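Shown here: start-v8.pdb, PDB, C-alpha atoms (C1' of nucleotides).
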ATOM      1  CA  MET A  29      34.850  -4.546 -12.212  1.00  0.00           C
ATOM      2  CA  ALA A  30      31.129  -4.882 -12.575  1.00  0.00           C
ATOM      3  CA  GLU A  31      30.967  -1.112 -12.536  1.00  0.00           C
ATOM      4  CA  LYS A  32      33.168  -1.015 -15.584  1.00  0.00           C
ATOM      5  CA  GLN A  33      30.833  -3.356 -17.431  1.00  0.00           C
ATOM      6  CA  GLN A  34      27.877  -1.292 -16.416  1.00  0.00           C
ATOM      7  CA  TYR A  35      29.551   1.821 -17.742  1.00  0.00           C
ATOM      8  CA  GLN A  36      30.391   0.175 -21.048  1.00  0.00           C
ATOM      9  CA  ILE A  37      26.819  -0.967 -21.459  1.00  0.00           C
ATOM     10  CA  TYR A  38      25.319   2.435 -20.743  1.00  0.00           C
ATOM     11  CA  HIS A  39      27.854   4.104 -22.960  1.00  0.00           C
ATOM     12  CA  THR A  40      27.090   1.742 -25.830  1.00  0.00           C
ATOM     13  CA  ILE A  41      23.359   2.241 -25.465  1.00  0.00           C
ATOM     14  CA  ASN A  42      23.763   5.964 -25.719  1.00  0.00           C
ATOM     15  CA  LEU A  43      25.516   5.507 -29.053  1.00  0.00           C
ATOM     16  CA  ILE A  44      22.321   4.231 -30.636  1.00  0.00           C
ATOM     17  CA  PRO A  45      21.254   7.032 -32.961  1.00  0.00           C
ATOM     18  CA  GLU A  46      17.812   8.568 -32.878  1.00  0.00           C
ATOM     19  CA  GLY A  47      15.375   6.719 -35.068  1.00  0.00           C
ATOM     20  CA  LYS A  48      17.201   3.417 -34.641  1.00  0.00           C
ATOM     21  CA  VAL A  49      16.995   0.515 -32.182  1.00  0.00           C
ATOM     22  CA  ALA A  50      19.332  -2.230 -30.979  1.00  0.00           C
ATOM     23  CA  SER A  51      18.800  -5.584 -29.294  1.00  0.00           C
ATOM     24  CA  TYR A  52      19.992  -6.527 -25.829  1.00  0.00           C
ATOM     25  CA  GLY A  53      22.391  -9.053 -27.272  1.00  0.00           C
ATOM     26  CA  GLN A  54      23.706  -6.546 -29.754  1.00  0.00           C
ATOM     27  CA  ILE A  55      24.489  -4.091 -26.993  1.00  0.00           C
ATOM     28  CA  ALA A  56      26.192  -6.774 -24.954  1.00  0.00           C
ATOM     29  CA  ASP A  57      28.347  -7.732 -27.918  1.00  0.00           C
ATOM     30  CA  LEU A  58      29.336  -4.174 -28.717  1.00  0.00           C
ATOM     31  CA  ALA A  59      30.120  -3.561 -25.074  1.00  0.00           C
ATOM     32  CA  GLY A  60      32.573  -6.426 -25.151  1.00  0.00           C
ATOM     33  CA  LEU A  61      30.279  -8.766 -23.214  1.00  0.00           C
ATOM     34  CA  PRO A  62      29.214 -11.522 -25.602  1.00  0.00           C
ATOM     35  CA  ARG A  63      26.378 -13.830 -24.526  1.00  0.00           C
ATOM     36  CA  ARG A  64      25.335 -11.440 -21.850  1.00  0.00           C
ATOM     37  CA  ALA A  65      22.052 -10.099 -23.166  1.00  0.00           C
ATOM     38  CA  ARG A  66      20.403 -10.776 -19.827  1.00  0.00           C
ATOM     39  CA  LEU A  67      23.015  -8.752 -18.045  1.00  0.00           C
ATOM     40  CA  VAL A  68      22.075  -5.745 -20.137  1.00  0.00           C
ATOM     41  CA  GLY A  69      18.493  -6.193 -19.040  1.00  0.00           C
ATOM     42  CA  TYR A  70      19.596  -6.535 -15.453  1.00  0.00           C
ATOM     43  CA  TYR A  71      21.568  -3.320 -15.448  1.00  0.00           C
ATOM     44  CA  LEU A  72      18.839  -1.430 -17.222  1.00  0.00           C
ATOM     45  CA  LYS A  73      16.300  -2.572 -14.681  1.00  0.00           C
ATOM     46  CA  HIS A  74      18.438  -1.501 -11.757  1.00  0.00           C
ATOM     47  CA  CYS A  75      19.944   1.678 -13.099  1.00  0.00           C
ATOM     48  CA  GLN A  76      18.995   5.008 -11.618  1.00  0.00           C
ATOM     49  CA  ALA A  77      19.782   7.632 -14.235  1.00  0.00           C
ATOM     50  CA  THR A  78      17.093   6.641 -16.693  1.00  0.00           C
ATOM     51  CA  GLU A  79      16.746  10.317 -17.464  1.00  0.00           C
ATOM     52  CA  ASN A  80      19.896  10.557 -19.535  1.00  0.00           C
ATOM     53  CA  LEU A  81      19.810   6.977 -20.836  1.00  0.00           C
ATOM     54  CA  LYS A  82      18.291   6.046 -24.183  1.00  0.00           C
ATOM     55  CA  TRP A  83      16.964   2.778 -22.814  1.00  0.00           C
ATOM     56  CA  HIS A  84      13.878   2.910 -25.026  1.00  0.00           C
ATOM     57  CA  ARG A  85      16.022   2.185 -28.057  1.00  0.00           C
ATOM     58  CA  VAL A  86      16.842  -1.249 -26.667  1.00  0.00           C
ATOM     59  CA  ILE A  87      14.450  -4.060 -27.569  1.00  0.00           C
ATOM     60  CA  LYS A  88      14.492  -7.817 -28.072  1.00  0.00           C
ATOM     61  CA  SER A  89      16.258  -9.339 -31.049  1.00  0.00           C
ATOM     62  CA  SER A  90      12.838 -10.355 -32.352  1.00  0.00           C
ATOM     63  CA  GLY A  91      11.831  -6.722 -32.571  1.00  0.00           C
ATOM     64  CA  GLN A  92       9.407  -7.112 -29.677  1.00  0.00           C
ATOM     65  CA  ILE A  93       9.272  -4.630 -26.841  1.00  0.00           C
ATOM     66  CA  ALA A  94      10.633  -6.374 -23.746  1.00  0.00           C
ATOM     67  CA  PHE A  95       7.607  -5.498 -21.604  1.00  0.00           C
ATOM     68  CA  PRO A  96       4.223  -7.184 -21.491  1.00  0.00           C
ATOM     69  CA  PRO A  97       1.986  -5.622 -24.150  1.00  0.00           C
ATOM     70  CA  GLY A  98      -0.372  -3.072 -22.702  1.00  0.00           C
ATOM     71  CA  SER A  99       1.766  -2.501 -19.634  1.00  0.00           C
ATOM     72  CA  GLU A 100       2.563   1.024 -18.613  1.00  0.00           C
ATOM     73  CA  ARG A 101       6.252   0.682 -19.374  1.00  0.00           C
ATOM     74  CA  ALA A 102       5.586  -0.760 -22.808  1.00  0.00           C
ATOM     75  CA  LYS A 103       3.400   2.216 -23.553  1.00  0.00           C
ATOM     76  CA  VAL A 104       6.050   4.694 -22.492  1.00  0.00           C
ATOM     77  CA  GLN A 105       8.680   2.988 -24.582  1.00  0.00           C
ATOM     78  CA  SER A 106       6.447   2.869 -27.640  1.00  0.00           C
ATOM     79  CA  GLU A 107       5.680   6.541 -27.328  1.00  0.00           C
ATOM     80  CA  ASN A 108       9.314   7.455 -26.932  1.00  0.00           C
ATOM     81  CA  LEU A 109      10.161   5.490 -30.043  1.00  0.00           C
ATOM     82  CA  ALA A 110       7.283   6.909 -32.009  1.00  0.00           C
ATOM     83  CA  MET A 111       8.514  10.341 -31.080  1.00  0.00           C
ATOM     84  CA  GLU A 112      11.777   9.546 -32.808  1.00  0.00           C
ATOM     85  CA  GLY A 113      10.079   8.259 -35.903  1.00  0.00           C
ATOM     86  CA  VAL A 114      10.269   4.549 -35.122  1.00  0.00           C
ATOM     87  CA  VAL A 115       7.005   2.871 -36.012  1.00  0.00           C
ATOM     88  CA  VAL A 116       5.790   0.523 -33.274  1.00  0.00           C
ATOM     89  CA  LYS A 117       3.009  -1.795 -34.365  1.00  0.00           C
ATOM     90  CA  ASN A 118       1.503  -4.353 -31.982  1.00  0.00           C
ATOM     91  CA  GLY A 119       4.363  -3.884 -29.556  1.00  0.00           C
ATOM     92  CA  ARG A 120       7.062  -4.522 -32.081  1.00  0.00           C
ATOM     93  CA  VAL A 121       9.140  -2.763 -34.656  1.00  0.00           C
ATOM     94  CA  ASN A 122      10.455  -3.647 -38.080  1.00  0.00           C
ATOM     95  CA  MET A 123      14.036  -4.609 -37.321  1.00  0.00           C
ATOM     96  CA  LYS A 124      14.890  -4.841 -40.965  1.00  0.00           C
ATOM     97  CA  LYS A 125      14.248  -1.177 -41.166  1.00  0.00           C
ATOM     98  CA  TYR A 126      15.141   0.260 -37.775  1.00  0.00           C
ATOM     99  CA  GLN A 127      17.918  -1.900 -36.375  1.00  0.00           C
ATOM    100  CA  TRP A 128      21.077   0.051 -35.740  1.00  0.00           C
ATOM    101  CA  THR A 129      23.976  -1.103 -37.880  1.00  0.00           C
ATOM    102  CA  PRO A 130      26.927   0.736 -36.371  1.00  0.00           C
ATOM    103  CA  ASP A 131      29.762   1.781 -38.576  1.00  0.00           C
ATOM    104  CA  ILE A 132      32.990  -0.002 -37.638  1.00  0.00           C
ATOM    105  CA  THR A 133      35.062   3.169 -37.582  1.00  0.00           C
ATOM    106  CA  ASP A 134      32.388   4.834 -35.513  1.00  0.00           C
ATOM    107  CA  ILE A 135      32.661   2.132 -32.861  1.00  0.00           C
ATOM    108  CA  LEU A 136      36.433   1.996 -32.876  1.00  0.00           C
ATOM    109  CA  TYR A 137      36.547   5.713 -32.367  1.00  0.00           C
ATOM    110  CA  LYS A 138      33.935   5.973 -29.674  1.00  0.00           C
ATOM    111  CA  LEU A 139      34.613   2.801 -27.704  1.00  0.00           C
ATOM    112  CA  LYS A 140      38.173   2.238 -26.692  1.00  0.00           C
ATOM    113  CA  PHE A 141      38.894  -1.385 -26.000  1.00  0.00           C
TER     114      PHE A 141
ATOM    115  C1'  DA B  18      27.928 -23.162  -1.749  1.00  0.00           C
ATOM    116  C1'  DA B  19      23.934 -24.585  -4.451  1.00  0.00           C
ATOM    117  C1'  DG B  20      19.899 -23.001  -6.484  1.00  0.00           C
ATOM    118  C1'  DC B  21      16.947 -19.458  -8.442  1.00  0.00           C
ATOM    119  C1'  DT B  22      15.889 -15.511 -11.285  1.00  0.00           C
ATOM    120  C1'  DG B  23      15.488 -12.843 -15.387  1.00  0.00           C
ATOM    121  C1'  DA B  24      13.850  -5.489 -19.463  1.00  0.00           C
ATOM    122  C1'  DC B  25      17.398 -12.373 -23.422  1.00  0.00           C
ATOM    123  C1'  DG B  26      18.186 -15.520 -27.691  1.00  0.00           C
ATOM    124  C1'  DA B  27      17.882 -19.284 -30.872  1.00  0.00           C
ATOM    125  C1'  DA B  28      15.954 -23.553 -32.238  1.00  0.00           C
ATOM    126  C1'  DT B  29      12.037 -26.449 -32.601  1.00  0.00           C
ATOM    127  C1'  DG B  30       7.192 -28.257 -33.393  1.00  0.00           C
TER     128       DG B  30
ATOM    129  C1'  DA C  30       2.721 -16.926 -36.467  1.00  0.00           C
ATOM    130  C1'  DC C  31       2.749 -18.662 -31.721  1.00  0.00           C
ATOM    131  C1'  DA C  32       4.159 -21.576 -27.838  1.00  0.00           C
ATOM    132  C1'  DT C  33       7.597 -24.482 -25.769  1.00  0.00           C
ATOM    133  C1'  DT C  34      12.072 -25.688 -24.684  1.00  0.00           C
ATOM    134  C1'  DC C  35      16.591 -25.130 -23.913  1.00  0.00           C
ATOM    135  C1'  DG C  36      20.935 -22.613 -23.428  1.00  0.00           C
ATOM    136  C1'  DC C  37      22.969 -18.812 -21.344  1.00  0.00           C
ATOM    137  C1'  DC C  38      25.383 -16.269 -17.202  1.00  0.00           C
ATOM    138  C1'  DA C  39      25.916 -12.440 -13.517  1.00  0.00           C
ATOM    139  C1'  DG C  40      24.070 -11.395  -9.356  1.00  0.00           C
ATOM    140  C1'  DC C  41      21.041 -12.644  -5.362  1.00  0.00           C
ATOM    141  C1'  DT C  42      19.460 -15.517  -1.702  1.00  0.00           C
TER     142       DT C  42
END

I'd like the structure from this file rewritten - as C-alpha coordinates, please.
Amino acid sequence: MAEKQQYQIYHTINLIPEGKVASYGQIADLAGLPRRARLVGYYLKHCQATENLKWHRVIKSSGQIAFPPGSERAKVQSENLAMEGVVVKNGRVNMKKYQWTPDITDILYKLKF
DNA sequence: AAGCTGACGAATG
DNA sequence: ACATTCGCCAGCT
(Lines of atoms letter the chains of each structure in order from A and count residues from 1; the text may use other names and numbers.)
(Lines give C-alpha, C1' and ligand atoms only; values in the text may rest on other atoms or scores of the structure.)
Protein backbone atom coordinates (compact mmCIF):
# COMPACT_ATOMS: atom_id res chain seq x y z
CA MET A 1 0.00 0.00 0.00
CA ALA A 2 2.37 2.65 1.22
CA GLU A 3 5.07 0.86 -0.71
CA LYS A 4 3.11 1.38 -3.88
CA GLN A 5 2.89 5.11 -3.22
CA GLN A 6 6.57 5.25 -2.50
CA TYR A 7 7.31 3.52 -5.77
CA GLN A 8 5.09 5.89 -7.72
CA ILE A 9 6.79 8.88 -6.16
CA TYR A 10 10.30 7.66 -6.91
CA HIS A 11 9.30 6.68 -10.40
CA THR A 12 7.79 10.10 -11.06
CA ILE A 13 10.85 11.89 -9.73
CA ASN A 14 13.08 9.97 -12.06
CA LEU A 15 11.01 11.21 -14.99
CA ILE A 16 12.18 14.77 -14.39
CA PRO A 17 14.51 15.49 -17.30
CA GLU A 18 18.03 16.76 -16.84
CA GLY A 19 18.16 20.52 -16.66
CA LYS A 20 14.66 20.77 -15.21
CA VAL A 21 13.19 20.79 -11.70
CA ALA A 22 9.82 19.98 -10.14
CA SER A 23 8.16 20.90 -6.86
CA TYR A 24 7.18 18.48 -4.12
CA GLY A 25 3.52 19.17 -4.72
CA GLN A 26 3.93 18.69 -8.43
CA ILE A 27 5.47 15.28 -7.91
CA ALA A 28 2.73 14.30 -5.51
CA ASP A 29 0.09 15.32 -8.03
CA LEU A 30 1.70 13.46 -10.90
CA ALA A 31 2.11 10.41 -8.71
CA GLY A 32 -1.61 10.38 -8.11
CA LEU A 33 -1.29 11.72 -4.56
CA PRO A 34 -2.78 15.21 -4.53
CA ARG A 35 -2.18 17.40 -1.47
CA ARG A 36 0.60 15.18 -0.33
CA ALA A 37 3.66 17.33 -0.89
CA ARG A 38 4.88 16.58 2.61
CA LEU A 39 4.67 12.89 1.97
CA VAL A 40 7.09 13.28 -0.91
CA GLY A 41 9.50 14.99 1.44
CA TYR A 42 9.02 12.25 3.98
CA TYR A 43 9.82 9.46 1.56
CA LEU A 44 12.79 11.29 0.16
CA LYS A 45 14.20 11.81 3.62
CA HIS A 46 13.85 8.16 4.53
CA CYS A 47 14.75 6.52 1.26
CA GLN A 48 17.93 4.53 0.95
CA ALA A 49 18.78 4.39 -2.74
CA THR A 50 19.65 8.04 -3.14
CA GLU A 51 22.30 6.92 -5.58
CA ASN A 52 19.91 6.19 -8.41
CA LEU A 53 17.32 8.82 -7.46
CA LYS A 54 17.26 12.29 -8.99
CA TRP A 55 16.17 13.85 -5.72
CA HIS A 56 18.13 17.03 -6.39
CA ARG A 57 15.65 17.98 -9.09
CA VAL A 58 12.92 18.31 -6.47
CA ILE A 59 12.56 21.71 -4.81
CA LYS A 60 9.88 23.85 -3.20
CA SER A 61 7.13 25.39 -5.29
CA SER A 62 8.67 28.78 -4.54
CA GLY A 63 11.85 27.73 -6.29
CA GLN A 64 13.74 27.59 -3.01
CA ILE A 65 15.97 24.67 -2.12
CA ALA A 66 14.26 22.78 0.71
CA PHE A 67 17.34 22.84 2.95
CA PRO A 68 18.61 25.65 5.14
CA PRO A 69 20.88 27.90 3.06
CA GLY A 70 24.52 27.17 3.64
CA SER A 71 23.85 23.68 4.93
CA GLU A 72 25.86 20.82 3.54
CA ARG A 73 22.88 19.23 1.83
CA ALA A 74 21.85 22.48 0.21
CA LYS A 75 25.34 22.81 -1.18
CA VAL A 76 25.31 19.32 -2.63
CA GLN A 77 21.95 19.87 -4.25
CA SER A 78 23.00 23.19 -5.74
CA GLU A 79 26.11 21.65 -7.20
CA ASN A 80 24.21 18.75 -8.67
CA LEU A 81 21.79 21.15 -10.31
CA ALA A 82 24.52 23.42 -11.55
CA MET A 83 26.13 20.40 -13.12
CA GLU A 84 23.01 19.89 -15.17
CA GLY A 85 22.87 23.49 -16.25
CA VAL A 86 20.31 24.72 -13.73
CA VAL A 87 21.35 28.08 -12.36
CA VAL A 88 21.01 28.26 -8.58
CA LYS A 89 21.24 31.77 -7.18
CA ASN A 90 20.92 32.46 -3.45
CA GLY A 91 19.57 28.98 -2.86
CA ARG A 92 16.83 29.23 -5.41
CA VAL A 93 16.17 28.71 -9.06
CA ASN A 94 14.11 30.49 -11.68
CA MET A 95 11.01 28.32 -11.85
CA LYS A 96 9.70 30.19 -14.82
CA LYS A 97 12.64 28.90 -16.71
CA TYR A 98 13.50 25.53 -15.19
CA GLN A 99 10.25 24.04 -13.95
CA TRP A 100 9.43 20.77 -15.62
CA THR A 101 6.25 20.92 -17.67
CA PRO A 102 5.64 17.28 -18.55
CA ASP A 103 4.01 16.42 -21.80
CA ILE A 104 0.62 14.76 -21.27
CA THR A 105 1.33 11.91 -23.66
CA ASP A 106 4.69 11.41 -22.02
CA ILE A 107 3.04 10.92 -18.63
CA LEU A 108 0.26 8.71 -19.91
CA TYR A 109 2.80 6.50 -21.55
CA LYS A 110 5.24 6.27 -18.70
CA LEU A 111 2.88 6.19 -15.73
CA LYS A 112 0.11 3.68 -15.91
CA PHE A 113 -2.78 4.60 -13.70
C1' DA B 1 -6.26 6.84 20.44
C1' DA B 2 -4.80 11.65 20.55
C1' DG B 3 -1.14 14.58 19.57
C1' DC B 4 3.09 15.85 17.22
C1' DT B 5 6.13 16.32 13.30
C1' DG B 6 7.63 17.81 8.86
C1' DA B 7 13.22 17.72 2.38
C1' DC B 8 5.38 21.43 1.78
C1' DG B 9 2.02 25.17 -0.09
C1' DA B 10 -0.82 29.20 -0.40
C1' DA B 11 -2.58 33.32 1.52
C1' DT B 12 -1.83 37.35 4.18
C1' DG B 13 0.26 41.67 6.25
C1' DA C 1 10.76 40.72 -0.59
C1' DC C 2 10.26 38.59 3.97
C1' DA C 3 7.84 36.75 8.01
C1' DT C 4 3.71 34.81 9.93
C1' DT C 5 -0.14 32.01 9.83
C1' DC C 6 -2.86 28.52 8.52
C1' DG C 7 -4.16 24.34 6.00
C1' DC C 8 -2.69 19.93 4.85
C1' DC C 9 -2.04 14.63 5.80
C1' DA C 10 0.75 10.12 6.39
C1' DG C 11 3.41 8.13 9.67
C1' DC C 12 5.31 8.08 14.48
C1' DT C 13 5.02 8.17 19.38

Would you give me, as CSV, each residue of chain C having an atom within 7 Å of an atom of chain A, along with its shortest atom pair and that distance in Å to one decimal, using only C-alpha atoms (C1' of nucleotides) and sorting by chain and residue number?
residue,atom,partner,partner_atom,distance
C:DC37,C1',A:Arg63,CA,6.8
C:DC38,C1',A:Arg64,CA,6.7
C:DA39,C1',A:Leu67,CA,6.5

Which neighbours of segment 22-25 of chain B fall inside 7 Å, counting all atoms listed in the file, when residues of the same chain fewer than 4 positions from it are skipped, and could you give them as an MDAnalysis selection string?
chainID A and resid 52 65:66 69 72:73 94:95

For Tyr38 of chain A, list every protein, DNA or RNA residue within 9 Å, evaluated using only C-alpha atoms (C1' of nucleotides), and leave out those in the same chain fewer than 4 positions away; present the list as a VMD selection string.
chain A and resid 33 to 34 42 to 43 59 68 71 to 72 81 to 83

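Taking only C-alpha atoms (C1' of nucleotides) into account, those protein, DNA and RNA residues with any atom at most 9 Å away from (21.9, -15.6, -32.4) amount to Gly53 and Ser89 of chain A; DG26 and DA27 of chain B.
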
Got a sec: who's within 8 Å of Ala50 of chain A, counting only C-alpha atoms (C1' of nucleotides), leaving out chain neighbours fewer than 6 positions off, as a list in words?
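Everything that qualifies: Ile44, Arg85, Val86, Ile87, Lys88, Ser89, Gln127 and Trp128 of chain A.
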
From the set A:Pro130, A:Pro62, A:Gly98, A:Gly91, which residue has the shortest atom-to-atom contact distance to Val114 of chain A, counting only C-alpha atoms?
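Using only C-alpha atoms, the shortest distance to Val114 of chain A belongs to A:Gly91.
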
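Across A:Thr40, A:Gln54, A:Asn80, A:Asn108, the tightest approach to chain B is made by A:Gln54 when counting all atoms listed in the file.
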
Please put the answer as lines of an AutoDock Vina configuration file: centre and edge lengths, in Å with one decimal, of a box along x, y and z that encloses all listed atoms of chain C plus 6 Å on each side.
center_x = 14.3
center_y = -18.5
center_z = -19.1
size_x = 35.2
size_y = 26.3
size_z = 46.8

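Atom CA of Lys124 of chain A to atom CA of Lys140 of chain A spans 28.2 Å [interatomic distance, one decimal].
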
Report as a ChimeraX atom specification the residues that result from applying the PyMOL selection byres ((chain B and resi 29) around 9) to the structure here.
/B:28,30 /C:33-34

Would you mind completing segment 113-137 of chain A to N, CA, C and O atoms and writing the output as an mmCIF file, in the coordinates of the input?
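result36.cif was written with the following content:
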data_model
loop_
_atom_site.group_PDB
_atom_site.id
_atom_site.type_symbol
_atom_site.label_atom_id
_atom_site.label_comp_id
_atom_site.auth_asym_id
_atom_site.auth_seq_id
_atom_site.Cartn_x
_atom_site.Cartn_y
_atom_site.Cartn_z
ATOM 1 N N GLY A 113 10.346 8.690 -34.545
ATOM 2 C CA GLY A 113 10.079 8.259 -35.903
ATOM 3 C C GLY A 113 10.125 6.758 -36.108
ATOM 4 O O GLY A 113 10.014 6.271 -37.227
ATOM 5 N N VAL A 114 10.266 6.011 -35.012
ATOM 6 C CA VAL A 114 10.269 4.549 -35.122
ATOM 7 C C VAL A 114 8.834 4.039 -34.989
ATOM 8 O O VAL A 114 8.170 4.276 -33.988
ATOM 9 N N VAL A 115 8.375 3.370 -36.009
ATOM 10 C CA VAL A 115 7.005 2.871 -36.012
ATOM 11 C C VAL A 115 6.880 1.618 -35.148
ATOM 12 O O VAL A 115 7.554 0.620 -35.404
ATOM 13 N N VAL A 116 6.033 1.675 -34.133
ATOM 14 C CA VAL A 116 5.790 0.523 -33.274
ATOM 15 C C VAL A 116 4.394 -0.002 -33.533
ATOM 16 O O VAL A 116 3.407 0.688 -33.271
ATOM 17 N N LYS A 117 4.315 -1.203 -34.055
ATOM 18 C CA LYS A 117 3.009 -1.795 -34.365
ATOM 19 C C LYS A 117 2.837 -3.087 -33.591
ATOM 20 O O LYS A 117 3.664 -3.975 -33.672
ATOM 21 N N ASN A 118 1.756 -3.173 -32.804
ATOM 22 C CA ASN A 118 1.503 -4.353 -31.982
ATOM 23 C C ASN A 118 2.692 -4.690 -31.075
ATOM 24 O O ASN A 118 3.065 -5.851 -30.953
ATOM 25 N N GLY A 119 3.262 -3.656 -30.481
ATOM 26 C CA GLY A 119 4.363 -3.884 -29.556
ATOM 27 C C GLY A 119 5.653 -4.342 -30.191
ATOM 28 O O GLY A 119 6.528 -4.849 -29.506
ATOM 29 N N ARG A 120 5.762 -4.187 -31.495
ATOM 30 C CA ARG A 120 7.062 -4.522 -32.081
ATOM 31 C C ARG A 120 7.395 -3.631 -33.254
ATOM 32 O O ARG A 120 6.535 -2.960 -33.807
ATOM 33 N N VAL A 121 8.666 -3.646 -33.593
ATOM 34 C CA VAL A 121 9.140 -2.763 -34.656
ATOM 35 C C VAL A 121 9.755 -3.591 -35.776
ATOM 36 O O VAL A 121 10.146 -4.735 -35.570
ATOM 37 N N ASN A 122 9.832 -3.007 -36.929
ATOM 38 C CA ASN A 122 10.455 -3.647 -38.080
ATOM 39 C C ASN A 122 11.972 -3.540 -37.967
ATOM 40 O O ASN A 122 12.549 -2.511 -38.251
ATOM 41 N N MET A 123 12.589 -4.618 -37.533
ATOM 42 C CA MET A 123 14.036 -4.609 -37.321
ATOM 43 C C MET A 123 14.795 -4.393 -38.618
ATOM 44 O O MET A 123 15.814 -3.723 -38.660
ATOM 45 N N LYS A 124 14.285 -4.982 -39.651
ATOM 46 C CA LYS A 124 14.890 -4.841 -40.965
ATOM 47 C C LYS A 124 15.152 -3.365 -41.253
ATOM 48 O O LYS A 124 16.157 -2.978 -41.822
ATOM 49 N N LYS A 125 14.203 -2.590 -40.832
ATOM 50 C CA LYS A 125 14.248 -1.177 -41.166
ATOM 51 C C LYS A 125 14.904 -0.307 -40.109
ATOM 52 O O LYS A 125 15.607 0.640 -40.423
ATOM 53 N N TYR A 126 14.693 -0.646 -38.830
ATOM 54 C CA TYR A 126 15.141 0.260 -37.775
ATOM 55 C C TYR A 126 16.338 -0.216 -36.966
ATOM 56 O O TYR A 126 16.835 0.510 -36.113
ATOM 57 N N GLN A 127 16.793 -1.442 -37.192
ATOM 58 C CA GLN A 127 17.918 -1.900 -36.375
ATOM 59 C C GLN A 127 19.175 -1.117 -36.681
ATOM 60 O O GLN A 127 19.535 -0.919 -37.840
ATOM 61 N N TRP A 128 19.836 -0.709 -35.631
ATOM 62 C CA TRP A 128 21.077 0.051 -35.740
ATOM 63 C C TRP A 128 22.190 -0.850 -36.286
ATOM 64 O O TRP A 128 22.457 -1.899 -35.754
ATOM 65 N N THR A 129 22.830 -0.385 -37.331
ATOM 66 C CA THR A 129 23.976 -1.103 -37.880
ATOM 67 C C THR A 129 25.179 -0.172 -37.787
ATOM 68 O O THR A 129 25.461 0.580 -38.720
ATOM 69 N N PRO A 130 25.856 -0.211 -36.645
ATOM 70 C CA PRO A 130 26.927 0.736 -36.371
ATOM 71 C C PRO A 130 28.074 0.604 -37.359
ATOM 72 O O PRO A 130 28.443 -0.497 -37.750
ATOM 73 N N ASP A 131 28.602 1.724 -37.708
ATOM 74 C CA ASP A 131 29.762 1.781 -38.576
ATOM 75 C C ASP A 131 31.001 1.364 -37.787
ATOM 76 O O ASP A 131 31.197 1.804 -36.668
ATOM 77 N N ILE A 132 31.821 0.525 -38.353
ATOM 78 C CA ILE A 132 32.990 -0.002 -37.638
ATOM 79 C C ILE A 132 33.919 1.099 -37.158
ATOM 80 O O ILE A 132 34.382 1.091 -36.015
ATOM 81 N N THR A 133 34.153 2.087 -37.979
ATOM 82 C CA THR A 133 35.062 3.169 -37.582
ATOM 83 C C THR A 133 34.433 3.998 -36.469
ATOM 84 O O THR A 133 35.117 4.479 -35.572
ATOM 85 N N ASP A 134 33.126 4.105 -36.535
ATOM 86 C CA ASP A 134 32.388 4.834 -35.513
ATOM 87 C C ASP A 134 32.634 4.191 -34.146
ATOM 88 O O ASP A 134 32.975 4.859 -33.178
ATOM 89 N N ILE A 135 32.487 2.869 -34.104
ATOM 90 C CA ILE A 135 32.661 2.132 -32.861
ATOM 91 C C ILE A 135 34.106 2.198 -32.368
ATOM 92 O O ILE A 135 34.372 2.460 -31.199
ATOM 93 N N LEU A 136 35.024 1.982 -33.276
ATOM 94 C CA LEU A 136 36.433 1.996 -32.876
ATOM 95 C C LEU A 136 36.833 3.341 -32.308
ATOM 96 O O LEU A 136 37.642 3.444 -31.400
ATOM 97 N N TYR A 137 36.223 4.371 -32.827
ATOM 98 C CA TYR A 137 36.547 5.713 -32.367
ATOM 99 C C TYR A 137 35.915 6.014 -31.024
ATOM 100 O O TYR A 137 36.541 6.583 -30.139
#
